[in-house]
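**Q** Just passing along the structure, written as structure tokens.
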Amino acid sequence: MTVSVALPPGEARRARGFTPSLRAVIRWAWRLFRREWRQQLLVLALITVAVTATVVGSAVATNTPAPANSGFGTAQDAATFAGNDHRLAAEITTLHHRFGQVDIIENKTLKLPGSVDTYELLAQNPNGPYVQSMLSLVSGHYPSAADQVAVTAGVASDFNLTVGKTWNVGGEARQVVGIVENPQDLLDEFALVPPGQVTSPNQVTVLFDAPGVAPSSIGERCATCGPYGGRGSNVSTPATVAQSNSINPETLSLVVLTIGMLLIALVAVGGFTVLAQRRQRSLGMLASIGATKKNLSLVVRANGLIVGVVGAAIGTFFGLVAWFAYRPSLEQSAHHQIGVFAVPWTVIGAGIVLAIVATYLAASRPARSITKLSVMATLTGRPAEADPPMRTAWDRLSCHCVHPPRLLGQHGRRKWQQGHTRTRPRDRRPRSRHHLVGAVLPRRARTGRPPYPGCRPDRSA
Amino acid sequence: MNPQFPRRVALGTMAGDAAMSFLELKNVSKSYGSGSTLVQALVDASLSVERGNLVAVMGPSGSGKSSLLTIAGSLEEPTGGEVLINGKSLASMSYNDKARLRRRTIGYVFQDFNLLAGLTALENVALPLELDDLSPKKARIAAMNALENVGIAERAEHFPDELSGGERQRVAIARAVVGERQLLLADEPSGALDSANGDAVMKMIRAACKQGIAAVMVTHDAHLASSADRVVFLKDGRIVDQTVPPPTTPESLLAPPPIP
């Protein structure tokens, strides 16, 4: 029998790239996780629940209010004007000339007969470049002639209208040709007519795209080329609308998530410490075959990382499934359509990263502790030796409290000791004092050591 | 002189030949605990092992055999004395230097195998090489060669809990000799095995020694110790005797060692 297993001569020991040692250690950590995942169920469950809650919570929080681009369609800017502005046509021409295509929405507010409620008479091009996401055809077709109108289901109900009926609205008899809705606001009640078919509108909105141009600068620039100073005040963007909302749901979600993850990390520290103790012997085996402190630490930290990644992945999956299931209900209660994937991916991404970072950091503490043990202590599963007592201010105070002579000064100390030597055997004194110190500082009592040199009895006195 | 050990060797002569020694322990002491709980595991133990030699360490339980081995294997620090491996003192090495030594130079075989659960036999054997940053492919080739040499290549993809005791110990030996190991330390390698497997393990250790590996083996089995080049007796932490067993009369070692 031969046991010739030497490496070939000249074998390059070092490999390039992701070092084999790291790969080997992480592979083992992954195998251990697969074998012993039940022991980490608590941390895994906490991470999963936290990430699931983050996905669902942030999606609901950000989708419940009307979307920030509600009223903008797919445009990035909207300029609003009074319907009776005599410079309206010129301003629209200027915007069109400067920013390209525009969409014009003429709006007239009408009262429902016998009610304080109102509805809108809108004139807009259903196939305009920006307004298509603000209109959705439920049945029939969009109005294409001056005597045609499409209404929302609410207006049809209020006026008892159906497709094909004739309805007198805005002073003209029009045929109802379709039922429509605004997907961004399902409570929006309006009647839609072709562009230019609303006489004396209350308000005219011009949608356009001005990328990289601040709303306030639109008016200023145009002030040099025409009589439109101050228009910037009535130009808005989805961002400026969102800023006016004092509570940003995404920020709120992130704050709640961060606090939650901090709490989970605290629990995870305990979980990973117990796990590291259970695996102490295995880590000792690894150390005995030549693992460095970095390798040993990496096993524990990689385990934390794996728990974080797996927990985050499962949590994201369950969160998205829950979101897909809940989204139709939320649409009903929020009164606007919500996209299937209209979730705050930034918040979800941050949640995943936080979950992974939290478990990694939680595992780092026991990882550091395990590297402080000797190989044999790790291999035999012996507990770590207690740290030597620390001399903190509290230690000094407790020492003085339980050792009155130190408070009495040199003369008083001699007197005290003379008195106590007569009444109490000398060999019992230290034990009694240590017992007291142990009672004050349980850690010392655990170590079974004298408190510290400063507390030793003064034999010379 | 004990008539059962015809080649009795003076303690000083075998412990002092540093020029040839690969492993050398000089007056090594080890104590555990303190005060009333102080235990002297080793007292001034000196030992040297040359390349290609197999030294068996015998003694009653608690005599310090395992401590001697763990100190020689850099798993534990001695309280006093010095350990030299290939002329280099362990005392001057950092934790990571010692780890490198265990990866490259020292192979350790434990009584209870100490194979890593979750890794296959092949991965267990390749692990020291991978920890030393050898590419996984090359490490696997070397590991497979090692498993072939101990006759267990067909079980390479099995996990430790799917192997018998004898097979696990073969894997442990393969792991201990893989690479360019020069010192093999075995702590009762046949302690958990039946006699047939024990003999097989012994043959493997002998085979490793024939290739120039220095080996130290702790054993209670006089039969196994008889195949060593030298037998060291420990009692109460002290090396009390060293003998060269006669190759043809292993039964002679069954007699209790003389106590000076």
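Residue numbers start at 1 in each chain; chains themselves are named A, B, ... in the order of the structure tokens; ligands are numbered from 1 in the order shown.
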Do a neighbour search on region 193-208 of chain B at 8 Å with only C-alpha atoms, toss out local chain neighbours closer than 3 positions, and write the hits as a PDB file with N, CA and C atoms, in the first residue's frame.

**A**
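Saved file selection31.pdb follows:
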```
ATOM      1  N   MET A   1       0.847  -1.211   0.000  1.00  0.00           N
ATOM      2  CA  MET A   1       0.000   0.000   0.000  1.00  0.00           C
ATOM      3  C   MET A   1       0.875   1.251   0.000  1.00  0.00           C
ATOM      4  N   THR A   2       0.512   2.190  -0.792  1.00  0.00           N
ATOM      5  CA  THR A   2       1.255   3.448  -0.803  1.00  0.00           C
ATOM      6  C   THR A   2       0.319   4.586  -0.451  1.00  0.00           C
ATOM      7  N   VAL A   3       0.889   5.570   0.123  1.00  0.00           N
ATOM      8  CA  VAL A   3       0.088   6.745   0.483  1.00  0.00           C
ATOM      9  C   VAL A   3       0.738   7.958  -0.150  1.00  0.00           C
ATOM     10  N   SER A   4       1.009   7.840  -1.431  1.00  0.00           N
ATOM     11  CA  SER A   4       1.669   8.933  -2.129  1.00  0.00           C
ATOM     12  C   SER A   4       0.640   9.911  -2.656  1.00  0.00           C
TER      13      SER A   4
ATOM     14  N   GLY B  52      10.230   9.546   8.506  1.00  0.00           N
ATOM     15  CA  GLY B  52      10.091   8.135   8.187  1.00  0.00           C
ATOM     16  C   GLY B  52       9.922   7.246   9.401  1.00  0.00           C
ATOM     17  N   LEU B  54       7.979   5.996  12.924  1.00  0.00           N
ATOM     18  CA  LEU B  54       6.684   5.947  13.596  1.00  0.00           C
ATOM     19  C   LEU B  54       6.942   5.727  15.079  1.00  0.00           C
ATOM     20  N   VAL B 150      -5.988   4.837   0.066  1.00  0.00           N
ATOM     21  CA  VAL B 150      -6.462   4.166   1.282  1.00  0.00           C
ATOM     22  C   VAL B 150      -7.624   3.223   0.952  1.00  0.00           C
ATOM     23  N   GLY B 165     -17.356   2.960  10.480  1.00  0.00           N
ATOM     24  CA  GLY B 165     -16.257   3.512  11.273  1.00  0.00           C
ATOM     25  C   GLY B 165     -14.914   3.352  10.584  1.00  0.00           C
ATOM     26  N   GLY B 166     -14.690   2.166  10.032  1.00  0.00           N
ATOM     27  CA  GLY B 166     -13.417   1.914   9.350  1.00  0.00           C
ATOM     28  C   GLY B 166     -13.250   2.821   8.140  1.00  0.00           C
ATOM     29  N   GLN B 169     -12.407   6.321   9.238  1.00  0.00           N
ATOM     30  CA  GLN B 169     -11.026   6.500   9.665  1.00  0.00           C
ATOM     31  C   GLN B 169     -10.090   6.508   8.456  1.00  0.00           C
ATOM     32  N   ARG B 170     -10.427   5.732   7.434  1.00  0.00           N
ATOM     33  CA  ARG B 170      -9.618   5.766   6.214  1.00  0.00           C
ATOM     34  C   ARG B 170      -9.687   7.161   5.578  1.00  0.00           C
ATOM     35  N   ILE B 173      -7.550   9.431   7.551  1.00  0.00           N
ATOM     36  CA  ILE B 173      -6.120   9.245   7.250  1.00  0.00           C
ATOM     37  C   ILE B 173      -5.790   9.877   5.904  1.00  0.00           C
ATOM     38  N   VAL B 177      -2.938  12.844   5.231  1.00  0.00           N
ATOM     39  CA  VAL B 177      -1.704  12.685   4.452  1.00  0.00           C
ATOM     40  C   VAL B 177      -1.773  13.387   3.100  1.00  0.00           C
ATOM     41  N   PRO B 189      -5.972   6.087  16.661  1.00  0.00           N
ATOM     42  CA  PRO B 189      -6.690   6.014  15.384  1.00  0.00           C
ATOM     43  C   PRO B 189      -7.537   4.758  15.246  1.00  0.00           C
ATOM     44  N   SER B 190      -7.196   3.724  16.023  1.00  0.00           N
ATOM     45  CA  SER B 190      -7.973   2.491  15.907  1.00  0.00           C
ATOM     46  C   SER B 190      -8.867   2.286  17.120  1.00  0.00           C
ATOM     47  N   GLN B 211       7.165   6.555   3.207  1.00  0.00           N
ATOM     48  CA  GLN B 211       7.387   7.620   2.226  1.00  0.00           C
ATOM     49  C   GLN B 211       8.030   8.843   2.839  1.00  0.00           C
ATOM     50  N   GLY B 212       8.499   8.705   4.068  1.00  0.00           N
ATOM     51  CA  GLY B 212       9.263   9.786   4.668  1.00  0.00           C
ATOM     52  C   GLY B 212       8.495  10.651   5.628  1.00  0.00           C
ATOM     53  N   ILE B 213       7.263  10.282   5.907  1.00  0.00           N
ATOM     54  CA  ILE B 213       6.474  11.074   6.854  1.00  0.00           C
ATOM     55  C   ILE B 213       6.825  10.639   8.277  1.00  0.00           C
ATOM     56  N   ALA B 215       5.770  10.123  12.045  1.00  0.00           N
ATOM     57  CA  ALA B 215       4.439   9.871  12.619  1.00  0.00           C
ATOM     58  C   ALA B 215       4.542   9.609  14.113  1.00  0.00           C
ATOM     59  N   LEU B 224      -0.705  -2.945  18.140  1.00  0.00           N
ATOM     60  CA  LEU B 224      -0.462  -1.903  17.142  1.00  0.00           C
ATOM     61  C   LEU B 224       0.862  -1.190  17.418  1.00  0.00           C
TER      62      LEU B 224
END
```

**Q** Give me the residues near Leu127 (chain B) as number ranges by chain, where near means some atom within 9 Å (using only C-alpha atoms) and where sequence neighbours in that chain fewer than 2 positions away do not count.

**A** A: 21, 24-25, 286, 289; B: 122-125, 129-132, 136, 139-140, 143, 175

**Q** Using only C-alpha atoms, which residue out of A:Ala210, A:Leu296, A:Ala156, A:Ile314 lies closest to chain B?

**A**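 Using only C-alpha atoms, chain B sits closest to A:Leu296.
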
**Q** Which residue out of B:Arg51, B:Lys26, B:Arg104, B:Lys65 has the minimum interatomic distance to chain A when only C-alpha atoms are used?

**A** B:Arg104

**Q** Tell me as a PyMOL selection string which residues belonging to chain B come within 7 Å of chain A, counting only C-alpha atoms.

**A** chain B and resi 75-76+96+99-100+102-103+114+116+118-119+127-128+130-136+142+145-146+149+177-180+207-208

**Q** Using only C-alpha atoms, which residue out of A:Leu44, A:Leu252, A:Met134, A:Leu122 lies closest to Val193 (chain A)?

**A**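 Closest residue, counting only C-alpha atoms: A:Leu122.
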
**Q** Report, in Å to a single decimal, how far apart CA of Ala78 (chain A) and CA of Ser253 (chain A) are.

**A**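 Atom-to-atom, CA of Ser253 (chain A) to CA of Ala78 (chain A), that is 29.1 Å.
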
**Q** Which residue, B:Gly62, B:Gly191, B:Gly33, B:Gly81, has the smallest gap to Leu47 (chain B) when you use only C-alpha atoms?

**A**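 That would be B:Gly81, the residue with the smallest distance to Leu47 (chain B).
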
**Q** Please determine, counting only C-alpha atoms, which residue among B:Leu183, B:Met58, B:Ala117, B:Val216 has the shortest atom-to-atom distance to Asp236 (chain B).

**A**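 Ranking B:Leu183, B:Met58, B:Ala117, B:Val216 by distance to Asp236 (chain B), first place goes to B:Met58.
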
**Q** Can you pull out the residues contacting Val138 (chain A)? Cut-off 7 Å, using only C-alpha atoms, and skip same-chain residues under 6 positions away; I want them as an mmCIF file with N, CA and C atoms, in the first residue's frame.

**A**
```cif
data_model
loop_
_atom_site.group_PDB
_atom_site.id
_atom_site.type_symbol
_atom_site.label_atom_id
_atom_site.label_comp_id
_atom_site.auth_asym_id
_atom_site.auth_seq_id
_atom_site.Cartn_x
_atom_site.Cartn_y
_atom_site.Cartn_z
ATOM 1 N N ILE A 179 -69.048 54.148 -22.599
ATOM 2 C CA ILE A 179 -68.865 54.290 -21.150
ATOM 3 C C ILE A 179 -67.348 54.296 -20.911
ATOM 4 N N VAL A 180 -66.870 55.295 -20.180
ATOM 5 C CA VAL A 180 -65.428 55.460 -19.966
ATOM 6 C C VAL A 180 -65.131 55.577 -18.468
ATOM 7 N N GLU A 181 -63.863 55.567 -18.146
ATOM 8 C CA GLU A 181 -63.440 55.786 -16.751
ATOM 9 C C GLU A 181 -62.021 56.336 -16.754
#
```

**Q** May I have the residues within 7 Å of Ser46 (chain B) as an mmCIF file with C-alpha atoms, in the first residue's frame, using only C-alpha atoms and disregarding those fewer than 4 positions away in the same chain?

**A**
```cif
data_model
loop_
_atom_site.group_PDB
_atom_site.id
_atom_site.type_symbol
_atom_site.label_atom_id
_atom_site.label_comp_id
_atom_site.auth_asym_id
_atom_site.auth_seq_id
_atom_site.Cartn_x
_atom_site.Cartn_y
_atom_site.Cartn_z
ATOM 1 C CA ALA B 15 15.294 12.945 22.616
ATOM 2 C CA LEU B 25 9.695 18.477 21.994
ATOM 3 C CA LYS B 26 12.070 19.994 24.519
ATOM 4 C CA ASN B 27 11.096 19.842 28.186
ATOM 5 C CA VAL B 28 7.484 20.451 27.364
#
```

**Q** Any chance you could list, as a PyMOL selection string, the residues in region 140-223 of chain B that come up helix (DSSP H, G or I) when DSSP is run on the backbone?

**A** chain B and resi 140-149+153-155+160-162+165-177+195-210+222-223

**Q** For the residues selected in the previous step, produce a file with C-alpha atoms as a tab-separated table (two decimals), in the first residue's frame.

**A**
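Dumped everything to selection25.tsv:
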```tsv
chain	number	residue	atom	x	y	z
B	140	ARG	CA	-10.11	17.15	-5.84
B	141	ILE	CA	-7.63	15.26	-7.98
B	142	ALA	CA	-5.17	15.06	-5.08
B	143	ALA	CA	-7.97	14.09	-2.71
B	144	MET	CA	-9.20	11.36	-5.01
B	145	ASN	CA	-5.64	10.00	-5.25
B	146	ALA	CA	-5.46	9.97	-1.47
B	147	LEU	CA	-8.78	8.14	-1.23
B	148	GLU	CA	-7.63	5.62	-3.82
B	149	ASN	CA	-4.48	5.01	-1.83
B	153	ALA	CA	-12.27	5.85	-3.72
B	154	GLU	CA	-15.64	4.27	-4.50
B	155	ARG	CA	-17.11	5.93	-1.42
B	160	PRO	CA	-19.51	10.76	6.74
B	161	ASP	CA	-22.76	9.55	8.27
B	162	GLU	CA	-23.12	7.13	5.35
B	165	GLY	CA	-16.26	3.51	11.27
B	166	GLY	CA	-13.42	1.91	9.35
B	167	GLU	CA	-14.27	3.87	6.23
B	168	ARG	CA	-14.43	7.11	8.16
B	169	GLN	CA	-11.03	6.50	9.67
B	170	ARG	CA	-9.62	5.77	6.21
B	171	VAL	CA	-11.03	9.08	5.03
B	172	ALA	CA	-9.50	10.78	8.07
B	173	ILE	CA	-6.12	9.25	7.25
B	174	ALA	CA	-6.45	10.30	3.63
B	175	ARG	CA	-7.17	13.83	4.82
B	176	ALA	CA	-4.18	13.72	7.15
B	177	VAL	CA	-1.70	12.68	4.45
B	195	SER	CA	-9.21	-5.32	15.03
B	196	ALA	CA	-9.34	-5.87	11.26
B	197	ASN	CA	-9.95	-2.19	10.57
B	198	GLY	CA	-7.40	-1.27	13.23
B	199	ASP	CA	-4.75	-3.33	11.46
B	200	ALA	CA	-5.65	-1.75	8.13
B	201	VAL	CA	-5.33	1.72	9.61
B	202	MET	CA	-1.98	0.79	11.08
B	203	LYS	CA	-0.76	-0.39	7.67
B	204	MET	CA	-1.74	2.92	6.16
B	205	ILE	CA	0.16	4.83	8.79
B	206	ARG	CA	3.19	2.62	8.23
B	207	ALA	CA	2.88	3.15	4.49
B	208	ALA	CA	2.91	6.89	5.04
B	209	CYS	CA	6.04	6.58	7.15
B	210	LYS	CA	7.78	4.60	4.42
B	222	ALA	CA	0.19	-3.05	22.39
B	223	HIS	CA	-0.25	-5.05	19.22
```

**Q** From a backbone DSSP assignment, name each residue in region 142-344 of chain A labelled strand (DSSP E), as a count of residues only.

**A** 31

**Q** Which residues, written as a PDB file with C-alpha atoms, in the first residue's frame, have at least one atom at most 12 Å from Ser329 (chain A), with only C-alpha atoms counted and residues fewer than 6 positions away on the same chain left out?

**A**
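This is the output file selection26.pdb:
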```pdb
ATOM      1  CA  VAL A  60     -50.199  49.242   0.113  1.00  0.00           C
ATOM      2  CA  ASN A  63     -50.576  52.688  -3.732  1.00  0.00           C
ATOM      3  CA  THR A  64     -53.427  53.667  -1.458  1.00  0.00           C
ATOM      4  CA  ALA A 322     -49.783  38.424  -0.963  1.00  0.00           C
ATOM      5  CA  TRP A 323     -49.634  41.666  -2.918  1.00  0.00           C
ATOM      6  CA  HIS A 335     -60.631  53.995  -6.143  1.00  0.00           C
ATOM      7  CA  HIS A 336     -57.900  53.876  -8.738  1.00  0.00           C
ATOM      8  CA  GLN A 337     -56.339  51.212 -10.835  1.00  0.00           C
ATOM      9  CA  ILE A 338     -53.065  49.827  -9.536  1.00  0.00           C
TER      10      ILE A 338
END
```

**Q** Which residue is closest to Gly107 (chain B)? Choose from B:Met217, B:Leu184, B:Val244, B:Ala192 and count only C-alpha atoms.

**A**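 The answer is B:Leu184, which sits nearest to Gly107 (chain B).
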